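Participant: Below you'll find model-v6.tsv; it's TSV, C-alpha atoms (C1' of nucleotides).
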chain	number	residue	atom	x	y	z
A	1454	MET	CA	-89.56	-108.71	-5.86
A	1455	LEU	CA	-92.45	-109.06	-3.41
A	1456	SER	CA	-95.43	-111.06	-4.63
A	1457	LYS	CA	-98.73	-109.25	-4.96
A	1458	THR	CA	-100.02	-111.31	-2.05
A	1459	CYS	CA	-97.13	-110.09	0.07
A	1460	GLU	CA	-97.72	-106.46	-0.85
A	1461	TYR	CA	-101.37	-106.78	0.14
A	1462	ALA	CA	-100.27	-108.34	3.38
A	1463	LEU	CA	-97.85	-105.55	4.23
A	1464	ARG	CA	-100.27	-102.80	3.36
A	1465	ALA	CA	-103.06	-104.47	5.31
A	1466	MET	CA	-100.85	-105.07	8.33
A	1467	ILE	CA	-99.66	-101.47	8.27
A	1468	TYR	CA	-103.24	-100.22	8.10
A	1469	ILE	CA	-104.33	-102.44	10.96
A	1470	ALA	CA	-101.35	-101.45	13.08
A	1471	GLN	CA	-102.11	-97.79	12.48
A	1472	HIS	CA	-105.76	-98.23	13.46
A	1473	SER	CA	-105.52	-100.62	16.38
A	1474	LYS	CA	-106.31	-98.26	19.21
A	1475	ASP	CA	-107.69	-99.30	22.60
A	1476	GLY	CA	-108.99	-102.71	21.59
A	1477	GLN	CA	-110.98	-101.45	18.59
A	1478	MET	CA	-111.13	-104.14	15.91
A	1479	VAL	CA	-110.61	-103.33	12.26
A	1480	SER	CA	-112.80	-105.18	9.77
A	1481	ILE	CA	-111.67	-106.71	6.47
A	1482	LYS	CA	-114.21	-104.54	4.74
A	1483	GLU	CA	-112.67	-101.38	6.10
A	1484	ILE	CA	-109.13	-102.56	5.42
A	1485	SER	CA	-109.76	-103.60	1.85
A	1486	GLU	CA	-111.47	-100.31	1.11
A	1487	LYS	CA	-108.74	-98.24	2.64
A	1488	ILE	CA	-105.91	-100.04	0.90
A	1489	SER	CA	-107.98	-100.70	-2.26
A	1490	SER	CA	-107.54	-104.42	-2.49
A	1491	PRO	CA	-109.85	-107.38	-3.09
A	1492	GLU	CA	-111.74	-107.91	0.15
A	1493	LEU	CA	-112.03	-111.69	0.20
A	1494	PHE	CA	-108.46	-112.19	-0.90
A	1495	VAL	CA	-107.03	-109.95	1.78
A	1496	GLY	CA	-109.31	-111.75	4.20
A	1497	LYS	CA	-107.64	-115.03	3.31
A	1498	ILE	CA	-104.18	-113.56	3.65
A	1499	LEU	CA	-104.93	-112.13	7.08
A	1500	GLN	CA	-106.47	-115.41	8.22
A	1501	GLY	CA	-103.17	-117.07	7.41
A	1502	LEU	CA	-101.10	-114.47	9.20
A	1503	SER	CA	-103.44	-114.60	12.15
A	1504	LYS	CA	-102.99	-118.37	12.43
A	1505	GLN	CA	-99.25	-117.79	12.43
A	1506	GLY	CA	-99.63	-115.31	15.27
A	1507	PHE	CA	-98.83	-112.10	13.46
A	1508	LEU	CA	-102.06	-110.48	14.60
A	1509	GLN	CA	-105.21	-111.12	16.60
A	1510	SER	CA	-108.60	-111.75	15.13
A	1511	SER	CA	-112.07	-111.99	16.61
A	1512	LYS	CA	-115.14	-113.39	14.96
A	1513	GLY	CA	-118.73	-112.25	15.10
A	1514	ARG	CA	-120.35	-108.86	15.11
A	1515	TYR	CA	-117.94	-106.01	15.75
A	1516	GLY	CA	-115.18	-108.50	15.18
A	1517	GLY	CA	-112.14	-107.93	13.04
A	1518	PHE	CA	-108.37	-107.77	13.30
A	1519	TYR	CA	-106.08	-106.19	15.80
A	1520	ILE	CA	-102.36	-105.68	16.21
A	1521	ASP	CA	-101.21	-105.06	19.75
A	1522	GLU	CA	-98.02	-103.32	20.81
A	1523	LYS	CA	-96.05	-106.50	20.95
A	1524	ASP	CA	-97.06	-107.63	17.47
A	1525	ALA	CA	-96.40	-104.16	16.09
A	1526	LYS	CA	-92.76	-104.77	16.91
A	1527	ARG	CA	-92.60	-107.52	14.30
A	1528	SER	CA	-90.36	-106.77	11.38
A	1529	LEU	CA	-91.45	-106.54	7.76
A	1530	ALA	CA	-88.90	-109.28	7.04
A	1531	ASP	CA	-90.83	-111.72	9.23
A	1532	ILE	CA	-94.03	-111.02	7.32
A	1533	VAL	CA	-92.31	-111.21	3.94
A	1534	ILE	CA	-90.77	-114.55	4.81
A	1535	ALA	CA	-94.05	-115.88	6.21
A	1536	ILE	CA	-95.66	-115.26	2.83
A	1537	ASP	CA	-93.04	-115.36	0.09
A	1538	GLY	CA	-90.47	-117.49	1.84
A	1539	ASP	CA	-86.84	-116.39	2.01
A	1540	LYS	CA	-85.95	-116.77	-1.66
A	1541	MET	CA	-85.64	-113.02	-1.91
A	1542	PHE	CA	-82.81	-113.12	0.58
A	1543	LYS	CA	-81.16	-116.32	-0.61
A	1544	GLY	CA	-79.47	-117.81	-3.65
A	1545	CYS	CA	-77.32	-116.81	-6.58
A	1546	GLY	CA	-78.01	-113.58	-8.47
A	1547	VAL	CA	-77.80	-115.40	-11.78
A	1548	GLY	CA	-79.87	-118.37	-10.62
A	1549	LEU	CA	-77.00	-120.84	-10.59
A	1550	ASP	CA	-77.46	-123.80	-8.26
A	1551	TYR	CA	-73.77	-124.50	-8.06
A	1552	CYS	CA	-72.57	-121.00	-7.33
A	1553	SER	CA	-70.82	-120.98	-3.98
A	1554	GLU	CA	-68.00	-119.45	-2.02
A	1555	LYS	CA	-65.68	-122.03	-3.53
A	1556	LYS	CA	-66.93	-121.61	-7.11
A	1557	PRO	CA	-68.39	-118.13	-7.15
A	1558	CYS	CA	-70.05	-116.65	-10.22
A	1559	PRO	CA	-68.70	-113.28	-11.31
A	1560	ILE	CA	-71.20	-111.33	-9.25
A	1561	HIS	CA	-71.26	-113.66	-6.24
A	1562	ALA	CA	-69.57	-111.53	-3.60
A	1563	GLU	CA	-71.27	-108.25	-4.46
A	1564	TYR	CA	-74.66	-109.85	-4.84
A	1565	LYS	CA	-74.38	-111.62	-1.52
A	1566	GLN	CA	-73.56	-108.34	0.13
A	1567	ALA	CA	-76.49	-106.56	-1.56
A	1568	ARG	CA	-78.84	-109.34	-0.51
A	1569	ALA	CA	-77.68	-109.07	3.09
A	1570	THR	CA	-78.26	-105.34	3.04
A	1571	LEU	CA	-81.75	-105.86	1.70
A	1572	TYR	CA	-82.51	-108.32	4.47
A	1573	LYS	CA	-81.19	-105.92	7.07
A	1574	ILE	CA	-83.49	-103.21	5.73
A	1575	TYR	CA	-86.62	-105.36	6.01
A	1576	LYS	CA	-85.49	-106.88	9.28
A	1577	SER	CA	-85.02	-103.58	11.02
A	1578	ALA	CA	-88.28	-102.08	9.76
A	1579	THR	CA	-91.27	-102.61	12.04
A	1580	LEU	CA	-94.99	-102.02	11.79
A	1581	GLU	CA	-94.61	-99.70	14.75
A	1582	GLN	CA	-92.57	-97.33	12.61
A	1583	PHE	CA	-95.59	-96.81	10.39
A	1584	LYS	CA	-97.71	-95.87	13.40
A	1585	ALA	CA	-95.21	-93.30	14.57
A	1586	LEU	CA	-95.29	-91.18	11.42
A	1587	ARG	CA	-96.04	-87.51	11.91
A	1588	PRO	CA	-99.26	-86.36	10.18
A	1589	ASP	CA	-97.31	-84.77	7.34
A	1590	GLU	CA	-95.44	-88.00	6.84
A	1591	VAL	CA	-98.45	-90.27	6.64
A	1592	ILE	CA	-98.40	-92.36	3.53
A	1593	MET	CA	-101.28	-93.27	1.28
A	1594	LEU	CA	-101.89	-97.01	1.41
A	1595	LYS	CA	-104.44	-96.87	-1.39
A	1596	ARG	CA	-103.76	-97.51	-4.99
A	1597	ASN	CA	-104.83	-95.01	-7.65
B	1356	MET	CA	-86.25	-112.04	-7.68
B	1357	LEU	CA	-85.56	-113.17	-11.24
B	1358	SER	CA	-88.35	-115.08	-12.96
B	1359	LYS	CA	-87.66	-118.67	-13.96
B	1360	THR	CA	-87.78	-117.59	-17.59
B	1361	CYS	CA	-85.09	-115.02	-16.90
B	1362	GLU	CA	-82.87	-117.53	-15.12
B	1363	TYR	CA	-83.13	-119.90	-18.09
B	1364	ALA	CA	-82.27	-116.97	-20.36
B	1365	LEU	CA	-79.18	-116.02	-18.40
B	1366	ARG	CA	-77.90	-119.57	-18.11
B	1367	ALA	CA	-78.52	-120.23	-21.78
B	1368	MET	CA	-76.84	-116.99	-22.84
B	1369	ILE	CA	-73.85	-117.74	-20.66
B	1370	TYR	CA	-73.55	-121.22	-22.14
B	1371	ILE	CA	-73.80	-119.91	-25.69
B	1372	ALA	CA	-71.27	-117.16	-25.02
B	1373	GLN	CA	-68.87	-119.71	-23.56
B	1374	HIS	CA	-69.24	-122.00	-26.57
B	1375	SER	CA	-69.35	-119.53	-29.44
B	1376	LYS	CA	-65.94	-120.12	-30.94
B	1377	ASP	CA	-65.00	-119.36	-34.55
B	1378	GLY	CA	-68.49	-119.23	-36.02
B	1379	GLN	CA	-69.60	-122.57	-34.56
B	1380	MET	CA	-73.34	-122.53	-33.85
B	1381	VAL	CA	-74.79	-123.95	-30.65
B	1382	SER	CA	-78.09	-125.80	-30.92
B	1383	ILE	CA	-81.05	-125.52	-28.56
B	1384	LYS	CA	-80.79	-129.22	-27.96
B	1385	GLU	CA	-77.21	-128.94	-26.74
B	1386	ILE	CA	-77.96	-125.86	-24.68
B	1387	SER	CA	-81.01	-127.30	-22.96
B	1388	GLU	CA	-79.12	-130.47	-22.11
B	1389	LYS	CA	-76.13	-128.67	-20.73
B	1390	ILE	CA	-78.10	-126.28	-18.58
B	1391	SER	CA	-80.83	-128.87	-17.85
B	1392	SER	CA	-83.83	-126.88	-18.92
B	1393	PRO	CA	-86.92	-127.59	-21.06
B	1394	GLU	CA	-85.74	-127.54	-24.65
B	1395	LEU	CA	-88.74	-126.01	-26.37
B	1396	PHE	CA	-89.19	-123.39	-23.70
B	1397	VAL	CA	-85.59	-122.23	-23.86
B	1398	GLY	CA	-85.99	-122.23	-27.62
B	1399	LYS	CA	-88.81	-119.75	-27.32
B	1400	ILE	CA	-86.88	-117.56	-24.94
B	1401	LEU	CA	-83.86	-117.43	-27.22
B	1402	GLN	CA	-86.02	-116.68	-30.23
B	1403	GLY	CA	-87.27	-113.62	-28.40
B	1404	LEU	CA	-83.82	-112.48	-27.38
B	1405	SER	CA	-82.56	-113.08	-30.87
B	1406	LYS	CA	-85.28	-110.86	-32.32
B	1407	GLN	CA	-84.22	-108.19	-29.89
B	1408	GLY	CA	-80.66	-108.49	-31.12
B	1409	PHE	CA	-79.05	-110.09	-28.06
B	1410	LEU	CA	-77.62	-112.92	-30.13
B	1411	GLN	CA	-77.45	-114.33	-33.64
B	1412	SER	CA	-79.41	-117.31	-34.86
B	1413	SER	CA	-79.31	-119.34	-38.04
B	1414	LYS	CA	-81.90	-121.80	-39.23
B	1415	GLY	CA	-81.51	-125.11	-40.99
B	1416	ARG	CA	-79.07	-127.95	-40.61
B	1417	TYR	CA	-76.07	-127.11	-38.48
B	1418	GLY	CA	-77.91	-124.00	-37.46
B	1419	GLY	CA	-78.22	-122.71	-33.93
B	1420	PHE	CA	-77.31	-119.71	-31.83
B	1421	TYR	CA	-74.19	-117.63	-31.60
B	1422	ILE	CA	-72.92	-114.76	-29.50
B	1423	ASP	CA	-70.16	-112.71	-31.04
B	1424	GLU	CA	-67.64	-110.58	-29.21
B	1425	LYS	CA	-69.74	-107.47	-29.44
B	1426	ASP	CA	-72.86	-109.16	-28.04
B	1427	ALA	CA	-70.82	-110.78	-25.29
B	1428	LYS	CA	-70.22	-107.30	-23.96
B	1429	ARG	CA	-73.91	-106.93	-23.15
B	1430	SER	CA	-74.69	-106.68	-19.48
B	1431	LEU	CA	-76.81	-109.09	-17.49
B	1432	ALA	CA	-78.99	-106.10	-16.59
B	1433	ASP	CA	-79.95	-105.63	-20.24
B	1434	ILE	CA	-81.05	-109.24	-20.52
B	1435	VAL	CA	-82.91	-109.15	-17.21
B	1436	ILE	CA	-84.78	-106.02	-18.26
B	1437	ALA	CA	-85.53	-107.46	-21.70
B	1438	ILE	CA	-87.29	-110.37	-20.03
B	1439	ASP	CA	-88.58	-109.34	-16.61
B	1440	GLY	CA	-88.80	-105.62	-17.20
B	1441	ASP	CA	-87.27	-103.20	-14.73
B	1442	LYS	CA	-89.61	-103.80	-11.80
B	1443	MET	CA	-86.74	-105.39	-9.92
B	1444	PHE	CA	-84.90	-102.09	-10.02
B	1445	LYS	CA	-87.87	-99.79	-9.49
B	1446	GLY	CA	-90.58	-99.00	-7.00
B	1447	CYS	CA	-91.17	-98.98	-3.26
B	1448	GLY	CA	-89.87	-101.78	-1.06
B	1449	VAL	CA	-93.23	-102.11	0.65
B	1450	GLY	CA	-95.24	-101.89	-2.57
B	1451	LEU	CA	-96.69	-98.47	-1.87
B	1452	ASP	CA	-97.73	-96.52	-4.95
B	1453	TYR	CA	-97.57	-93.19	-3.18
B	1454	CYS	CA	-94.18	-93.60	-1.59
B	1455	SER	CA	-91.90	-90.87	-2.91
B	1456	GLU	CA	-89.06	-88.56	-2.00
B	1457	LYS	CA	-91.64	-86.15	-0.61
B	1458	LYS	CA	-93.60	-88.76	1.32
B	1459	PRO	CA	-91.13	-91.56	1.87
B	1460	CYS	CA	-92.03	-94.78	3.64
B	1461	PRO	CA	-89.79	-95.71	6.56
B	1462	ILE	CA	-87.44	-97.76	4.40
B	1463	HIS	CA	-87.51	-95.52	1.34
B	1464	ALA	CA	-83.99	-94.11	1.34
B	1465	GLU	CA	-82.17	-97.31	2.26
B	1466	TYR	CA	-84.21	-99.39	-0.12
B	1467	LYS	CA	-83.60	-97.00	-2.98
B	1468	GLN	CA	-79.90	-97.22	-2.32
B	1469	ALA	CA	-79.95	-101.03	-2.18
B	1470	ARG	CA	-81.91	-101.19	-5.41
B	1471	ALA	CA	-79.39	-98.94	-7.13
B	1472	THR	CA	-76.55	-101.13	-5.92
B	1473	LEU	CA	-78.31	-104.19	-7.27
B	1474	TYR	CA	-78.74	-102.55	-10.63
B	1475	LYS	CA	-75.09	-101.56	-10.71
B	1476	ILE	CA	-74.10	-105.16	-10.04
B	1477	TYR	CA	-76.14	-106.54	-12.94
B	1478	LYS	CA	-75.23	-103.63	-15.18
B	1479	SER	CA	-71.52	-104.09	-14.78
B	1480	ALA	CA	-71.59	-107.87	-15.23
B	1481	THR	CA	-71.15	-109.06	-18.81
B	1482	LEU	CA	-71.46	-112.38	-20.60
B	1483	GLU	CA	-67.79	-111.96	-21.49
B	1484	GLN	CA	-66.84	-112.32	-17.86
B	1485	PHE	CA	-68.24	-115.84	-17.86
B	1486	LYS	CA	-66.07	-116.74	-20.85
B	1487	ALA	CA	-62.94	-115.48	-19.16
B	1488	LEU	CA	-63.15	-117.78	-16.16
B	1489	ARG	CA	-60.06	-119.88	-15.46
B	1490	PRO	CA	-60.70	-123.65	-15.64
B	1491	ASP	CA	-60.81	-123.96	-11.88
B	1492	GLU	CA	-63.35	-121.18	-11.71
B	1493	VAL	CA	-65.75	-122.61	-14.27
B	1494	ILE	CA	-69.26	-122.85	-12.92
B	1495	MET	CA	-71.79	-125.59	-13.40
B	1496	LEU	CA	-74.77	-124.29	-15.35
B	1497	LYS	CA	-76.76	-127.48	-14.84
B	1498	ARG	CA	-79.26	-128.11	-12.16
B	1499	ASN	CA	-78.95	-131.17	-9.98
C	968	DT	C1'	-82.44	-132.71	-55.66
C	969	DT	C1'	-83.45	-135.08	-51.82
C	970	DT	C1'	-82.85	-135.61	-46.97
C	971	DA	C1'	-82.05	-134.62	-42.27
C	972	DA	C1'	-81.44	-131.26	-38.82
C	973	DT	C1'	-82.40	-127.27	-37.30
C	974	DT	C1'	-84.98	-122.55	-35.98
C	975	DC	C1'	-89.49	-120.17	-36.17
C	976	DA	C1'	-94.47	-119.28	-35.37
C	977	DG	C1'	-98.66	-119.96	-33.43
C	978	DA	C1'	-101.72	-122.83	-30.83
C	979	DT	C1'	-102.43	-125.52	-26.83
C	980	DA	C1'	-101.74	-127.33	-22.12
C	981	DA	C1'	-100.20	-127.60	-17.38
C	982	DA	C1'	-98.97	-125.37	-13.12
C	983	DC	C1'	-99.02	-121.69	-10.15
C	984	DT	C1'	-100.78	-117.25	-8.29
C	985	DT	C1'	-104.47	-114.31	-7.57
C	986	DG	C1'	-109.24	-113.61	-6.72
C	987	DT	C1'	-114.31	-115.12	-5.75
C	988	DC	C1'	-118.23	-117.78	-3.99
C	989	DT	C1'	-120.84	-120.19	-0.58
C	990	DG	C1'	-122.15	-121.53	3.63
C	991	DA	C1'	-120.89	-122.42	8.46
C	992	DA	C1'	-119.49	-120.70	12.96
C	993	DT	C1'	-119.27	-116.98	16.12
C	994	DT	C1'	-120.45	-112.94	18.57
C	995	DA	C1'	-122.51	-108.47	20.20
C	996	DA	C1'	-126.50	-105.97	20.32
C	997	DA	C1'	-131.43	-105.31	19.91
D	48	DT	C1'	-133.62	-115.25	21.77
D	49	DT	C1'	-133.39	-113.44	17.51
D	50	DT	C1'	-130.83	-110.79	14.27
D	51	DA	C1'	-127.13	-108.76	11.85
D	52	DA	C1'	-122.34	-108.48	11.16
D	53	DT	C1'	-118.42	-110.46	11.09
D	54	DT	C1'	-114.33	-114.15	10.53
D	55	DC	C1'	-113.32	-118.92	8.95
D	56	DA	C1'	-112.96	-122.92	5.82
D	57	DG	C1'	-113.00	-125.11	1.72
D	58	DA	C1'	-114.22	-125.26	-2.98
D	59	DC	C1'	-114.11	-122.91	-7.23
D	60	DA	C1'	-112.68	-119.56	-11.01
D	61	DA	C1'	-109.80	-116.42	-13.51
D	62	DG	C1'	-105.35	-114.86	-14.81
D	63	DT	C1'	-100.42	-115.38	-15.49
D	64	DT	C1'	-96.29	-117.87	-16.07
D	65	DT	C1'	-94.11	-121.92	-17.52
D	66	DA	C1'	-93.93	-125.69	-20.72
D	67	DT	C1'	-95.28	-128.55	-24.84
D	68	DC	C1'	-97.09	-129.70	-29.42
D	69	DT	C1'	-97.42	-129.31	-34.35
D	70	DG	C1'	-96.20	-128.04	-38.62
D	71	DA	C1'	-93.84	-124.73	-41.62
D	72	DA	C1'	-89.59	-122.61	-43.28
D	73	DT	C1'	-84.76	-122.89	-43.88
D	74	DT	C1'	-80.30	-124.70	-44.69
D	75	DA	C1'	-76.13	-127.76	-45.30
D	76	DA	C1'	-74.74	-132.00	-46.75
D	77	DA	C1'	-75.28	-136.32	-49.09
Using structure tokens, write down the structure from this file.
Facilitator:
Amino acid sequence: MLSKTCEYALRAMIYIAQHSKDGQMVSIKEISEKISSPELFVGKILQGLSKQGFLQSSKGRYGGFYIDEKDAKRSLADIVIAIDGDKMFKGCGVGLDYCSEKKPCPIHAEYKQARATLYKIYKSATLEQFKALRPDEVIMLKRN
Amino acid sequence: MLSKTCEYALRAMIYIAQHSKDGQMVSIKEISEKISSPELFVGKILQGLSKQGFLQSSKGRYGGFYIDEKDAKRSLADIVIAIDGDKMFKGCGVGLDYCSEKKPCPIHAEYKQARATLYKIYKSATLEQFKALRPDEVIMLKRN
DNA sequence: TTTAATTCAGATAAACTTGTCTGAATTAAA
DNA sequence: TTTAATTCAGACAAGTTTATCTGAATTAAA
């Protein structure tokens, strides 16, 4: 459902949120290692998100990325939509352009409901929540 | 969520199911026109589904595709899985490999539930249901 | 038996997504 | 002020999905 790009983005953002303590910047190198993802590609993704104001970045030595308390309140839905658009939360479940309330396909009502639930789930999840995990709850962001 | 290929497949299968009356074959040409999709591409897709036993095909003049009553009972979920695989119904909502019951991500439980609901929706929808529509319920399969 | 209309099979091409390279700009520390 | 470490920007490359081309095989009808 999420593109690979979007999954990288979420994992990277979660890692940065978890490691943004007292102004310490997190470098792309560190991030990509810790979430096992292609360094330059994740760099690009974060540059985009940074331009859109989802996180702070600073150039130069000891530079990197940072997510402050305010930005950590952003929902996963916002990030998903910034990258994949809202197609995941929109449209007919069968891919019919002309499916509507007036001419619903057989799964229209249920699908619409399921879609709304999905959106609610992503919308109410925040980066903050991943910072607040107890040590025994901490989740591996790596692959493999 | 569904790939383009899968959407073509569903729309084509629905069209064929709706027009498979008393042994009459439906040609790729007719199908692709009626659902406005690339003819040769939909041809390929249907060839694959036909090999997998989702519908009948016959070569030669007056040949084409056909969905009998038994095959019309197949669920949309089966077709989706045959084409896109089951990734839509599996895995973590954040894309975490190590998210599990034991170490759930913050949205694990809700997402799992939503995913299951989605599967149920596709699993209980059949091609048959699209044949049974009353005239005023009939849905446009075309684009544009 | 010939012809025309079709599916089938495999190769090729175009478009999109994912990933890499290169060099410039920036910044903190030595 | 120089150096080393970083992000940034734009071009490039590889991989995947979507779409097309070509010719062969098949079949019903003329």
Participant: Show me, as a tab-separated table (two decimals) with C-alpha atoms (C1' of nucleotides), in the coordinates of the input, the residues of chain C whose atoms get within 9 Å of chain A, using only C-alpha atoms (C1' of nucleotides) for the distance check.
Facilitator:
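selection-v5.tsv written:
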chain	number	residue	atom	x	y	z
C	984	DT	C1'	-100.78	-117.25	-8.29
C	985	DT	C1'	-104.47	-114.31	-7.57
C	986	DG	C1'	-109.24	-113.61	-6.72
C	987	DT	C1'	-114.31	-115.12	-5.75
C	992	DA	C1'	-119.49	-120.70	12.96
C	993	DT	C1'	-119.27	-116.98	16.12
C	994	DT	C1'	-120.45	-112.94	18.57
C	995	DA	C1'	-122.51	-108.47	20.20
C	996	DA	C1'	-126.50	-105.97	20.32
Participant: Which neighbours of DA981 in chain C fall inside 12 Å, counting all atoms listed in the file, when residues of the same chain fewer than 3 positions from it are skipped, and could you give them as number ranges by chain?
Facilitator: D: 64-67
Participant: To one decimal in Å, tell me the separation between CA of Gly1398 in chain B and CA of Arg1498 in chain B.
Facilitator: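 If I compute the distance from CA of Gly1398 in chain B to CA of Arg1498 in chain B, I get 17.9 Å.
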Participant: Please return, as a ChimeraX atom specification, all residues of chain D lying within 9 Å of chain A when all atoms listed in the file are considered.
Facilitator: /D:51-55
Participant: May I ask which of the residues A:Cys1558, A:Ile1532, A:Ala1569, A:Ile1469 is the closest one to chain B, counting all atoms listed in the file?
Facilitator: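 The answer is A:Cys1558, which sits nearest to chain B.
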